[in-house]
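A.B. asks: My questions all concern the structure below.
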Amino acid sequence: MPIITIRDLTMRFPGVTALESLSVGVEPGVTGLVGANGAGKSTLIKILLGLQKPTSGTAEVLGHDIATGGAEIRRQVGFMPEYECLPPDVSATEFVVHMARMSGLPATAARERAADVLRHVGLYEERYRPIGGYSTGMRQKVKLAQALVHDPRLVFLDEPTNGLDPRGRDEMLGLIRRIGAEFGISVLVTSHLLGELERICDNVVIIDGGKLLRSSAVSSFTETSGMLVVEVEEGRDELGARLAERGLEVRPEGRTLVVRLDGEETYDVIRDGVVDLDLALIRMEQARHHIEEVFQR
Ligand SMILES: Nc1ncnc2c1ncn2[C@@H]1O[C@H](COP(=O)(O)OP(=O)(O)OP(=O)(O)O)[C@@H](O)[C@H]1O
């Protein structure tokens with residue numbers, strides 16, 4: 001059953017249509033909301049939180065109508081905004097405890113929950129230092145911690161990897177995956193980078209100019225490509241030549257050979273080639289498309 005149902009949602013600003021007749025359902029799990037800058041992602045999140053009234057259309061979040069259930073939605077949903085929104089002169093602990101109190105937790109529970117989520121996002125050591133001295137990665141973690149502190153059923157993460165270096169990005173993506181997998185909290189995460197969401201999302205919704213382009217499971221994007229990737233310890237070129245002699249279409253790629261899968265006998269030809277040449281086979285598997293290739297097509 002979808003946790004978010006969007007029906008015919010339109011949002012017009014003077015001179016700009018941010019969302020146009022958007023209809024889509026979001027299932028539990030980790031869902032990527034992907035689109036170029038200006039595609040309408042942040043606008044959609046604000047509407048779903050009940051913070052902005054759409055021009056027309058309806059939506060339900062966790063069974064609550066956005067027109068009437070904004071307060072209840074915000075109680076059950078965590079939100080990590082895209083832009084810098086943290087006070088520089090308080091510590092992560094003070095800020096996250098404050099956010100927990102704002103969502104109704106009593107003082108002791110707020111302190112305990114804040115300590116838990118800060119530990120979870122990897123900010124435990126630095127939690128008493130003023131946020132003003134934090135790196136971008138640390139500030140993103142504080143924003144994530146405050147989104148989780150009131151134990152939401154669903155979190156909206158708006159461009160959580162923005163401004164992070166590759167290591168910080170990997171760390172943030174790992175945290176998001178864990179929120180979904182270990183804590184059972186559903187996640188709607190936006191990004192303009194389709195490739196990075198492939199690793200952590202169950203489903204992807206792609207919007208362009210406020211319209212739905214595609215909504216499907218990541219596994220259906222990354223359908224098998226009809227090619228086999230073969231890796232041997234040494235003798236890649238020898239094996240490639242042997243397979244070509246036997247009529248297979250084969251090309252080298254990095255340390256591997258990519259072989260067109262031409263029926264079940266392709267596996268036998270490769271196996272025989274490896275045995276005849278006395279090579280050590282490391283792997284032989286079907287290559288999958290990357291989500292970005294599919295989108296570009
Ligand atoms: N309050 C507003 N007034 C006027 N135009 C707006 C307003 N909010 C958003 N827009 C416009 O609506 C469009 C969608 O903006 P939105 O911020 O939702 O996009 P986005 O996909 O989140 O992109 P980004 O990642 O750059 O924030 C843009 O053209 C933006 O300029």
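If you're wondering about the labels, chains in the structure tokens are A, B, ... by order shown, residues count from 1 in each chain, ligands from 1 in order shown.
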What are the closest atom pairs, with distances in Å to one decimal, for all residues of chain A lying within 6 Å of ligand 1? Consider only C-alpha atoms and all ligand atoms, order rows by chain and residue number, and present the result as a Markdown table.
C.D. replies:
```
| residue | atom | partner | partner_atom_place_in_ligand_line | distance |
| --- | --- | --- | --- | --- |
| A:Phe13 | CA | ligand 1 | 4 (C) | 4.8 |
| A:Val16 | CA | ligand 1 | 29 (O) | 5.9 |
| A:Ala18 | CA | ligand 1 | 12 (O) | 4.1 |
| A:Gly35 | CA | ligand 1 | 21 (O) | 5.9 |
| A:Asn37 | CA | ligand 1 | 26 (O) | 3.6 |
| A:Gly38 | CA | ligand 1 | 19 (O) | 3.4 |
| A:Ala39 | CA | ligand 1 | 21 (O) | 3.7 |
| A:Gly40 | CA | ligand 1 | 18 (O) | 3.2 |
| A:Lys41 | CA | ligand 1 | 21 (O) | 3.8 |
| A:Ser42 | CA | ligand 1 | 22 (O) | 3.6 |
| A:Thr43 | CA | ligand 1 | 18 (O) | 3.7 |
```
A.B. asks: Near range 54-71 of chain A, within 6 Å and counting only C-alpha atoms, which residues show up once chain neighbours fewer than 3 positions away are dropped, as a PyMOL selection string?
C.D. replies: chain A and resi 3-11+50+74
A.B. asks: Could you please take those selected residues and save N, CA and C atoms as a tab-separated table (two decimals), in the first residue's frame?
C.D. replies:
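Heads up, here's the output in out27.tsv:
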```
chain	number	residue	atom	x	y	z
A	3	ILE	N	2.59	4.80	0.70
A	3	ILE	CA	2.63	5.69	1.87
A	3	ILE	C	2.36	7.13	1.44
A	4	ILE	N	2.56	7.38	0.16
A	4	ILE	CA	2.23	8.71	-0.38
A	4	ILE	C	1.43	8.49	-1.67
A	5	THR	N	0.32	9.17	-1.78
A	5	THR	CA	-0.45	9.11	-3.02
A	5	THR	C	-0.67	10.53	-3.51
A	6	ILE	N	-0.21	10.79	-4.71
A	6	ILE	CA	-0.31	12.15	-5.26
A	6	ILE	C	-1.23	12.09	-6.47
A	7	ARG	N	-2.25	12.97	-6.49
A	7	ARG	CA	-3.21	12.93	-7.60
A	7	ARG	C	-3.33	14.29	-8.26
A	8	ASP	N	-2.87	14.34	-9.50
A	8	ASP	CA	-3.12	15.50	-10.35
A	8	ASP	C	-2.67	16.82	-9.70
A	9	LEU	N	-1.49	16.79	-9.10
A	9	LEU	CA	-1.01	17.95	-8.34
A	9	LEU	C	-0.37	18.99	-9.26
A	10	THR	N	-0.86	20.22	-9.14
A	10	THR	CA	-0.30	21.32	-9.94
A	10	THR	C	0.07	22.45	-9.00
A	11	MET	N	1.26	23.04	-9.23
A	11	MET	CA	1.68	24.21	-8.44
A	11	MET	C	2.21	25.27	-9.39
A	50	GLY	N	2.51	19.81	3.92
A	50	GLY	CA	1.40	20.71	4.28
A	50	GLY	C	1.88	22.12	4.56
A	74	ARG	N	3.22	16.31	9.81
A	74	ARG	CA	4.51	16.80	10.32
A	74	ARG	C	4.91	16.09	11.62
```
A.B. asks: Sorted by chain and rising residue number, list the residues of range 162-278 of chain A at most 7 Å from range 137-154 of chain A (counting only C-alpha atoms), each with its closest atom pair and distance in Å to one decimal, as a tab-separated table.
C.D. replies:
```
residue	atom	partner	partner_atom	distance
A:Leu164	CA	A:Gly137	CA	6.0
A:Gly168	CA	A:Gly137	CA	5.9
A:Ile185	CA	A:Arg153	CA	5.1
A:Ser186	CA	A:Leu154	CA	4.6
A:Val187	CA	A:Leu154	CA	5.6
```
A.B. asks: Residues of range 50-170 of chain A classed as helix (DSSP H, G or I) by DSSP on the backbone are to be reported as an MDAnalysis selection string.
C.D. replies: chainID A and resid 70:76 92:102 107:120 131:133 136:148 166:170
A.B. asks: Where in range 211-240 of chain A does DSSP assign strand (DSSP E), given as a PyMOL selection string?
C.D. replies: chain A and resi 211-217+224-232
A.B. asks: For CA of Glu112 in chain A and CA of Phe183 in chain A, quote the distance in Å rounded to one decimal.
C.D. replies: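 Going from CA of Glu112 in chain A over to CA of Phe183 in chain A, I get 17.0 Å.
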A.B. asks: Report as a ChimeraX atom specification all protein, DNA and RNA residues lying within 10 Å of Leu248 in chain A, evaluated on only C-alpha atoms, omitting residues in the same chain fewer than 2 positions from it.
C.D. replies: /A:240-246,250-251,259-262,266,269-270
A.B. asks: In Å to one decimal, how far is CA of Leu118 in chain A from CA of Phe95 in chain A?
C.D. replies: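 Distance reported for this atom pair: 10.9 Å.
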A.B. asks: So which residues touch Val274 in chain A within 10 Å, counting only C-alpha atoms, skipping near sequence neighbours fewer than 3 positions away, as a list in words?
C.D. replies: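 With the cut-off at 10 Å, the set is Val232, Gly235, Arg236, Glu238, Leu239, Arg242, Leu243, Asp268, Val269, Ile270, Arg271, Leu277, Asp278, Leu279, Ala280 and Leu281 of chain A.
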A.B. asks: Those same residues - C-alpha atoms - I'd like them written as a CSV table (one decimal), in the first residue's frame.
C.D. replies:
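Produced file part05.csv, reproduced below:
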```
chain,number,residue,atom,x,y,z
A,232,VAL,CA,40.1,-14.1,-15.3
A,235,GLY,CA,45.3,-14.2,-19.8
A,236,ARG,CA,42.4,-11.9,-20.5
A,238,GLU,CA,44.3,-14.9,-24.8
A,239,LEU,CA,40.8,-15.8,-23.7
A,242,ARG,CA,39.8,-17.8,-28.2
A,243,LEU,CA,36.2,-16.7,-27.7
A,268,ASP,CA,29.8,-23.5,-22.2
A,269,VAL,CA,32.1,-21.8,-24.8
A,270,ILE,CA,33.6,-19.5,-22.1
A,271,ARG,CA,34.0,-22.4,-19.6
A,277,LEU,CA,43.9,-22.2,-21.6
A,278,ASP,CA,44.3,-23.2,-18.0
A,279,LEU,CA,43.2,-19.8,-16.6
A,280,ALA,CA,41.8,-18.9,-13.2
A,281,LEU,CA,38.2,-17.6,-13.5
```
A.B. asks: For a quick check of understanding, using only C-alpha atoms, which of A:Ala100, A:Thr136, A:Gly195, A:Leu19 has the smallest distance to Ile47 in chain A?
C.D. replies: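 Once distances to Ile47 in chain A are computed over only C-alpha atoms, the minimum belongs to A:Leu19.
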A.B. asks: List the spatial neighbours of Ile131 in chain A as a list in words - criterion: any atom at most 8 Å away, only C-alpha atoms, same-chain residues fewer than 6 positions off excluded.
C.D. replies: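 So, after excluding close chain neighbours, the residues are Leu86, Pro87, Pro88, Asp89, Val90, Ser91, Ala92 and Arg139 of chain A.
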A.B. asks: Record the distance separating CA of Lys211 in chain A and CA of Gly78 in chain A, expressed in Å with one decimal.
C.D. replies: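 These atoms are spaced 24.9 Å apart.
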